[in-house]
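Asker: input_8.txt is reproduced in full below (compact mmCIF, C-alpha atoms).
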# COMPACT_ATOMS: atom_id res chain seq x y z
CA MET A 608 55.50 350.87 2.59
CA LEU A 609 59.00 350.56 1.14
CA SER A 610 60.13 353.79 2.81
CA PHE A 611 58.87 352.44 6.15
CA ILE A 612 60.92 349.25 5.77
CA ASN A 613 64.04 351.15 4.67
CA ASN A 614 63.79 353.56 7.61
CA HIS A 615 63.27 350.59 9.90
CA HIS A 616 66.46 348.96 8.57
CA HIS A 617 68.42 352.23 8.97
CA PHE A 618 67.37 352.46 12.61
CA ILE A 619 68.38 348.87 13.33
CA PHE A 620 71.80 349.10 11.68
CA THR A 621 72.71 352.38 13.39
CA VAL A 622 71.43 351.62 16.89
CA LEU A 623 71.81 347.90 17.52
CA PRO A 624 75.17 346.25 18.33
CA ASP A 625 77.31 344.76 15.58
CA PHE A 626 76.45 341.16 16.37
CA LEU A 627 72.80 341.91 15.48
CA HIS A 628 73.65 343.19 12.02
CA ASN A 629 73.39 339.68 10.54
CA LYS A 630 70.34 339.62 8.27
CA TRP A 631 69.13 336.27 9.58
CA THR A 632 69.26 337.48 13.15
CA LEU A 633 67.39 340.59 12.11
CA MET A 634 64.79 338.52 10.33
CA VAL A 635 64.11 336.46 13.45
CA ILE A 636 63.88 339.62 15.58
CA ASN A 637 61.51 341.33 13.17
CA LEU A 638 59.32 338.28 12.76
CA PHE A 639 59.05 338.21 16.54
CA ILE A 640 58.04 341.89 16.43
CA PHE A 641 55.37 341.15 13.81
CA ALA A 642 54.04 338.31 15.99
CA CYS A 643 53.91 340.69 18.96
CA LEU A 644 52.04 343.24 16.83
CA ILE A 645 49.41 340.63 16.00
CA LYS A 646 49.06 339.76 19.67
CA ILE A 647 48.84 343.40 20.76
CA ALA A 648 46.33 344.26 18.01
CA ASN A 649 44.10 341.36 19.01
CA LEU A 650 44.25 342.39 22.67
CA LEU A 651 43.32 345.97 21.78
CA ILE A 652 40.40 344.78 19.66
CA ASP A 653 39.20 342.57 22.53
CA LYS A 654 39.45 345.45 24.99
CA PHE A 655 37.69 347.91 22.69
CA ILE A 656 34.79 345.59 21.80
CA ASP A 657 34.34 344.44 25.41
CA LYS A 658 34.20 348.10 26.47
CA ILE A 659 31.40 348.77 23.99
CA ALA A 660 29.49 345.67 25.16
CA GLN A 661 29.30 347.06 28.71
CA TYR A 662 27.08 349.95 27.61
CA LYS A 663 24.18 347.80 26.41
CA ASN A 664 22.90 344.68 28.13
CA ASP A 665 21.38 343.03 25.07
CA TYR A 666 22.08 339.43 24.08
CA GLU A 667 21.63 339.99 20.33
CA PHE A 668 23.80 343.13 20.41
CA LYS A 669 26.57 341.23 22.19
CA LYS A 670 26.47 338.44 19.58
CA GLN A 671 26.86 341.07 16.87
CA LEU A 672 29.88 342.54 18.69
CA ILE A 673 31.49 339.11 19.07
CA THR A 674 31.08 338.58 15.33
CA LEU A 675 32.57 342.02 14.63
CA LYS A 676 35.50 341.14 16.87
CA SER A 677 36.18 337.96 14.89
CA ILE A 678 36.06 339.81 11.55
CA ALA A 679 38.27 342.68 12.79
CA LYS A 680 40.93 340.27 14.08
CA SER A 681 40.92 338.38 10.78
CA ILE A 682 41.45 341.59 8.77
CA VAL A 683 44.17 342.99 11.06
CA ASP A 684 46.04 339.67 11.16
CA THR A 685 45.92 339.43 7.35
CA VAL A 686 47.33 342.96 6.91
CA ILE A 687 50.18 342.37 9.38
CA VAL A 688 51.06 339.03 7.76
CA MET A 689 51.19 340.78 4.36
CA PHE A 690 53.65 343.35 5.78
CA ALA A 691 55.71 340.50 7.24
CA GLY A 692 55.81 338.78 3.85
CA ILE A 693 56.97 341.96 2.13
CA TYR A 694 59.65 342.41 4.79
CA ILE A 695 60.97 338.87 4.32
CA LEU A 696 61.20 339.35 0.56
CA ASN A 697 63.07 342.62 1.10
CA VAL A 698 65.57 341.00 3.50
CA LEU A 699 66.18 338.18 1.04
CA GLY A 700 67.09 340.77 -1.56
CA VAL A 701 63.97 340.38 -3.66
CA ASP A 702 62.93 343.72 -5.15
CA ILE A 703 59.18 343.85 -4.71
CA ARG A 704 58.64 346.92 -6.90
CA PRO A 705 58.64 344.92 -10.16
CA ILE A 706 56.31 342.46 -8.47
CA LEU A 707 53.91 345.25 -7.53
CA THR A 708 54.17 346.71 -11.03
CA ALA A 709 53.44 343.36 -12.63
CA ALA A 710 50.53 342.76 -10.29
CA GLY A 711 48.22 344.74 -12.56
CA VAL A 712 49.10 342.59 -15.55
CA LEU A 713 49.02 339.34 -13.61
CA GLY A 714 45.73 340.34 -12.04
CA VAL A 715 43.96 339.71 -15.32
CA ALA A 716 45.56 336.29 -15.67
CA VAL A 717 44.77 335.17 -12.14
CA GLY A 718 41.42 336.93 -12.03
CA PHE A 719 39.48 333.72 -12.37
CA GLY A 720 41.47 332.06 -9.59
CA ALA A 721 41.02 335.10 -7.33
CA LYS A 722 37.30 335.21 -8.00
CA ARG A 723 36.52 332.80 -5.16
CA PHE A 724 38.66 334.80 -2.75
CA PHE A 725 36.85 338.07 -3.50
CA GLU A 726 33.48 336.33 -3.40
CA ASP A 727 34.29 335.13 0.12
CA ILE A 728 35.30 338.63 1.25
CA ILE A 729 32.26 340.36 -0.27
CA THR A 730 29.81 337.80 1.07
CA GLY A 731 31.48 337.88 4.50
CA ALA A 732 31.13 341.67 4.64
CA SER A 733 27.48 341.39 3.61
CA LEU A 734 26.76 338.79 6.30
CA LEU A 735 28.36 341.04 8.91
CA LEU A 736 26.63 344.28 7.88
CA GLU A 737 23.19 342.68 7.58
CA GLY A 738 23.60 340.66 10.77
CA GLN A 739 22.39 337.44 9.12
CA VAL A 740 24.83 335.27 11.06
CA ARG A 741 26.48 335.99 14.39
CA VAL A 742 28.84 334.00 16.60
CA GLY A 743 26.66 331.94 18.93
CA ASP A 744 23.75 331.55 16.48
CA TYR A 745 22.37 328.12 15.63
CA ILE A 746 22.10 328.05 11.84
CA GLU A 747 21.65 325.79 8.84
CA ILE A 748 23.69 326.33 5.67
CA SER A 749 23.72 323.93 2.70
CA GLY A 750 22.29 321.11 4.81
CA HIS A 751 24.77 321.61 7.67
CA GLU A 752 23.44 322.64 11.11
CA GLY A 753 25.30 323.83 14.17
CA VAL A 754 26.37 326.65 16.44
CA VAL A 755 28.51 329.35 14.81
CA GLU A 756 31.92 329.33 16.51
CA LYS A 757 33.82 331.68 14.24
CA ILE A 758 33.34 334.00 11.27
CA ASP A 759 36.16 335.61 9.32
CA ILE A 760 36.62 337.16 5.90
CA LYS A 761 36.88 333.75 4.23
CA LEU A 762 34.68 331.21 5.99
CA ILE A 763 32.12 330.35 8.65
CA GLN A 764 32.95 327.70 11.23
CA ILE A 765 30.02 325.81 12.82
CA ARG A 766 29.95 322.88 15.25
CA ASP A 767 27.05 320.40 15.10
CA LEU A 768 25.37 318.45 17.90
CA GLN A 769 27.86 315.58 17.54
CA GLY A 770 30.82 317.93 17.94
CA ARG A 771 31.82 317.85 14.27
CA VAL A 772 33.18 321.14 12.91
CA HIS A 773 32.05 322.31 9.45
CA TYR A 774 34.03 324.95 7.53
CA ILE A 775 31.90 326.72 4.94
CA ARG A 776 33.30 329.28 2.50
CA ASN A 777 31.46 332.61 2.63
CA GLY A 778 31.14 332.51 -1.15
CA MET A 779 29.10 329.29 -0.91
CA VAL A 780 26.53 330.84 1.43
CA ASP A 781 23.23 331.19 -0.41
CA ILE A 782 20.32 330.44 1.91
CA VAL A 783 20.87 330.77 5.67
CA VAL A 784 18.34 329.39 8.16
CA ASN A 785 18.88 331.09 11.52
CA TYR A 786 17.11 329.27 14.37
CA THR A 787 18.08 331.83 17.01
CA ARG A 788 17.33 335.29 15.64
CA ASP A 789 15.71 337.54 18.31
CA PHE A 790 13.53 334.71 19.67
CA ALA A 791 12.62 331.09 18.96
CA TYR A 792 9.64 328.72 19.16
CA TYR A 793 9.58 325.18 20.43
CA VAL A 794 6.80 323.56 18.36
CA PHE A 795 5.48 320.17 19.45
CA ASP A 796 2.73 317.73 18.46
CA LEU A 797 1.01 315.94 21.32
CA GLY A 798 -0.94 312.74 20.66
CA VAL A 799 -3.89 311.90 22.90
CA SER A 800 -6.37 309.04 22.84
CA TYR A 801 -9.51 309.27 20.71
CA ASP A 802 -11.48 308.68 23.92
CA ALA A 803 -9.98 311.77 25.59
CA ASP A 804 -11.97 314.98 26.04
CA ILE A 805 -10.05 317.56 23.94
CA ASN A 806 -11.24 320.47 26.08
CA TYR A 807 -9.98 318.65 29.17
CA VAL A 808 -6.63 318.04 27.44
CA ILE A 809 -6.28 321.72 26.48
CA GLN A 810 -7.11 322.79 30.04
CA ALA A 811 -4.43 320.40 31.35
CA LEU A 812 -1.89 321.95 28.95
CA LYS A 813 -2.77 325.43 30.18
CA GLU A 814 -2.32 324.36 33.80
CA THR A 815 1.01 322.76 32.95
CA ASP A 816 2.13 325.98 31.27
CA GLU A 817 1.18 328.17 34.24
CA GLU A 818 2.99 325.92 36.70
CA PHE A 819 6.00 325.64 34.37
CA ARG A 820 6.40 329.42 33.99
CA ALA A 821 6.13 329.81 37.75
CA ASN A 822 8.36 327.01 39.00
CA ALA A 823 10.60 325.54 36.28
CA THR A 824 14.36 326.06 36.49
CA CYS A 825 14.36 327.46 32.95
CA LYS A 826 11.31 329.70 33.45
CA ASP A 827 13.36 332.82 32.67
CA CYS A 828 13.92 331.50 29.15
CA VAL A 829 10.17 331.48 28.38
CA LEU A 830 8.98 334.74 26.77
CA ALA A 831 5.22 334.16 26.50
CA PRO A 832 2.44 331.81 27.63
CA LEU A 833 1.94 328.55 25.76
CA GLU A 834 0.19 329.02 22.43
CA ILE A 835 -2.16 326.11 21.72
CA LEU A 836 -2.83 325.95 17.99
CA GLY A 837 -5.55 323.29 18.33
CA VAL A 838 -6.26 319.87 16.86
CA ASP A 839 -3.83 319.52 13.97
CA LYS A 840 -4.68 316.10 12.52
CA PHE A 841 -5.99 312.60 13.19
CA ASP A 842 -3.41 309.84 13.25
CA ASP A 843 -4.06 306.12 13.19
CA SER A 844 -4.01 305.80 16.96
CA ALA A 845 -4.12 309.37 18.30
CA VAL A 846 -5.57 312.84 17.96
CA ILE A 847 -2.71 315.32 17.43
CA VAL A 848 -2.79 318.63 19.29
CA ARG A 849 -0.20 321.18 18.17
CA ALA A 850 1.23 323.91 20.41
CA ARG A 851 4.33 326.09 20.69
CA ILE A 852 6.36 327.95 23.32
CA LYS A 853 8.14 331.24 22.64
CA THR A 854 11.63 331.26 24.14
CA LYS A 855 14.89 333.16 24.18
CA PRO A 856 17.23 332.40 21.25
CA ILE A 857 18.85 328.94 21.29
CA LYS A 858 16.88 328.00 24.45
CA GLN A 859 13.97 326.34 22.66
CA TRP A 860 15.34 322.81 22.97
CA GLU A 861 16.19 323.15 26.67
CA VAL A 862 12.72 324.54 27.40
CA GLY A 863 11.07 321.92 25.19
CA ARG A 864 12.67 318.98 26.96
CA ALA A 865 11.71 320.34 30.38
CA PHE A 866 8.14 321.08 29.23
CA ASN A 867 7.73 317.57 27.79
CA LYS A 868 8.62 316.16 31.21
CA ALA A 869 6.08 318.46 32.87
CA ILE A 870 3.36 317.35 30.41
CA LYS A 871 4.01 313.68 31.11
CA GLU A 872 3.77 314.23 34.86
CA LYS A 873 0.58 316.32 34.54
CA PHE A 874 -1.14 313.85 32.19
CA ASP A 875 -0.23 310.92 34.43
CA ALA A 876 -1.77 312.77 37.39
CA LYS A 877 -4.97 313.56 35.46
CA GLY A 878 -5.28 310.14 33.86
CA ILE A 879 -4.91 311.42 30.29
CA GLU A 880 -3.58 308.71 28.01
CA ILE A 881 -0.75 309.40 25.58
CA PRO A 882 -1.29 306.42 23.24
CA PHE A 883 1.33 304.39 21.48
CA PRO A 884 0.86 303.03 17.92
CA GLN A 885 -1.51 300.09 17.93
CA THR A 886 -3.64 298.08 15.54
CA THR A 887 -7.18 296.84 16.20
CA VAL A 888 -8.04 293.50 14.53
CA HIS A 889 -11.72 292.69 13.84
CA MET A 890 -12.57 288.99 13.44
CA VAL A 891 -15.30 288.34 10.86
CA LYS A 892 -17.05 284.98 10.88
CA ASP A 893 -17.14 283.14 7.57
CA GLU A 894 -20.54 281.40 7.49
CA LYS A 895 -19.46 279.10 4.63
CA SER A 896 -16.56 277.73 6.66
CA LEU A 897 -18.97 276.80 9.46
CA CYS A 898 -21.08 274.58 7.24
Could you take the file, read its structure, and then write that structure out as structure tokens?
Answerer:
Amino acid sequence: MLSFINNHHHFIFTVLPDFLHNKWTLMVINLFIFACLIKIANLLIDKFIDKIAQYKNDYEFKKQLITLKSIAKSIVDTVIVMFAGIYILNVLGVDIRPILTAAGVLGVAVGFGAKRFFEDIITGASLLLEGQVRVGDYIEISGHEGVVEKIDIKLIQIRDLQGRVHYIRNGMVDIVVNYTRDFAYYVFDLGVSYDADINYVIQALKETDEEFRANATCKDCVLAPLEILGVDKFDDSAVIVRARIKTKPIKQWEVGRAFNKAIKEKFDAKGIEIPFPQTTVHMVKDEKSLC
């Protein structure tokens, strides 16, 4: 590394004009070169990953590649910034060889402080290799939910439904709930009146499902026919029927909202009541009060 920097300096001082021999001017020029290297490296990574993505038209595979792109950029940028830092110290006349020599001794002293940093890197590499979290996934970590916007060697960045961004250190990741791995289910509980014929209700749901998969704008997001799990429980004012729809990843909420609308329209047309909470009061005559 040192020989590279010294050769680089020799080239500059022998080729460039005299007015560029000032060390501050050289520092600005070289920092600009380092910035260009970061930009070029990121462009090459983008081009390489995008080229690979063209060979396989798979949504999950593309999410994995986007995650790999984010990690690769983070690593390359970190390495180039480290070279830039060493260069600046060299220009300022700071001999980095004693620093590198002392690094082994200081490593023991700062080991505890560096523990978090290495935990983040190791956990980040594990998340990438195992494919637990990818850019574009909807996940829950430590009580925080949202869409993964970025993953690097130190942290995961997710944005929740309200637009708030959460930054979570990789080392803090313990249990990950991924709502969008391979496929998803939209599970819903439908309350119907106690007077309703359950078989008639189930038949209406099946008809709604067939029409929905044939005509809905989001029909391509549905992967299988509606699965009716049956009567789940008895509430105070309704019989609860549970069902679920299998959808493409992260499409379960879009499909669910559209299907709820279709159910309401179908039930209104068939006269099936979706009850609201109500209380029945029975009046009991007190014979003593009548005397």
Asker: From the list A:Ile728, A:Leu830, A:Val683, A:Leu836, which residue is nearest Leu651 (chain A) when using all atoms listed in the file?
Answerer: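 Of all the options, A:Val683 lies closest to Leu651 (chain A).
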Asker: Just to confirm, what's the straight-line distance from CA of Cys828 (chain A) to CA of Ile656 (chain A) in Å (one decimal)?
Answerer: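 Between CA of Cys828 (chain A) and CA of Ile656 (chain A) the gap works out to 26.2 Å.
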Asker: Give me, as an NGL selection string, all polymer residues having an atom no more than 9 Å from region 757-766 of chain A, counting only C-alpha atoms and skipping those fewer than 4 positions away in the same chain.
Answerer: :A and (674-675 or 677-682 or 724-732 or 735 or 740-743 or 745-746 or 751-753 or 770-778)
Asker: To one decimal place, how far is CA of Thr854 (chain A) from CA of Ala791 (chain A) in Å?
Answerer: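 Distance between the two atoms: 5.3 Å.
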Asker: May I ask which of the residues A:Pro832, A:Gly863, A:Gly798, A:Gly700 is the closest one to Asp816 (chain A), counting only C-alpha atoms?
Answerer: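 Closest candidate: A:Pro832.
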Asker: Could you give me the axis-aligned bounding box of region 856-868 of chain A, with 8 Å of padding per side, as centre plus edge lengths in Å to one decimal, as JSON?
Answerer:
{"center_x": 13.3, "center_y": 324.3, "center_z": 26.2, "size_x": 27.1, "size_y": 32.2, "size_z": 26.0}
Asker: Have a look at CA of Val838 (chain A) and CA of Arg820 (chain A) and let me know their distance in Å, one decimal.
Answerer: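 If I compute the distance from CA of Val838 (chain A) to CA of Arg820 (chain A), I get 23.3 Å.
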Asker: Reconstruct N, CA and C atoms of region 776-791 of chain A; output as a short mmCIF file (atom, residue, chain, number, x, y, z; two decimals), in the frame of the given file.
Answerer:
data_model
loop_
_atom_site.label_atom_id
_atom_site.label_comp_id
_atom_site.auth_asym_id
_atom_site.auth_seq_id
_atom_site.Cartn_x
_atom_site.Cartn_y
_atom_site.Cartn_z
N ARG A 776 32.84 328.05 3.14
CA ARG A 776 33.30 329.28 2.50
C ARG A 776 32.16 330.29 2.43
N ASN A 777 32.48 331.56 2.70
CA ASN A 777 31.46 332.61 2.63
C ASN A 777 30.83 332.68 1.25
N GLY A 778 31.65 332.44 0.21
CA GLY A 778 31.14 332.51 -1.15
C GLY A 778 30.12 331.43 -1.47
N MET A 779 30.06 330.37 -0.68
CA MET A 779 29.10 329.29 -0.91
C MET A 779 27.78 329.53 -0.18
N VAL A 780 27.73 330.58 0.65
CA VAL A 780 26.53 330.84 1.43
C VAL A 780 25.46 331.42 0.52
N ASP A 781 24.34 330.73 0.41
CA ASP A 781 23.23 331.19 -0.41
C ASP A 781 22.01 331.42 0.47
N ILE A 782 21.48 330.35 1.02
CA ILE A 782 20.32 330.44 1.91
C ILE A 782 20.78 330.09 3.33
N VAL A 783 20.52 330.98 4.27
CA VAL A 783 20.87 330.77 5.67
C VAL A 783 19.59 330.64 6.48
N VAL A 784 19.46 329.55 7.23
CA VAL A 784 18.34 329.39 8.16
C VAL A 784 18.88 329.63 9.56
N ASN A 785 18.41 330.72 10.18
CA ASN A 785 18.88 331.09 11.52
C ASN A 785 17.79 330.73 12.53
N TYR A 786 18.08 329.74 13.40
CA TYR A 786 17.11 329.27 14.37
C TYR A 786 17.06 330.14 15.63
N THR A 787 17.93 331.11 15.74
CA THR A 787 18.08 331.83 17.01
C THR A 787 18.13 333.34 16.81
N ARG A 788 17.35 333.86 15.90
CA ARG A 788 17.33 335.29 15.64
C ARG A 788 16.24 335.96 16.49
N ASP A 789 16.62 336.78 17.44
CA ASP A 789 15.71 337.54 18.31
C ASP A 789 14.94 336.67 19.30
N PHE A 790 14.25 335.64 18.80
CA PHE A 790 13.53 334.71 19.67
C PHE A 790 13.37 333.39 18.92
N ALA A 791 12.83 332.39 19.59
CA ALA A 791 12.62 331.09 18.96
C ALA A 791 11.32 330.49 19.46
#
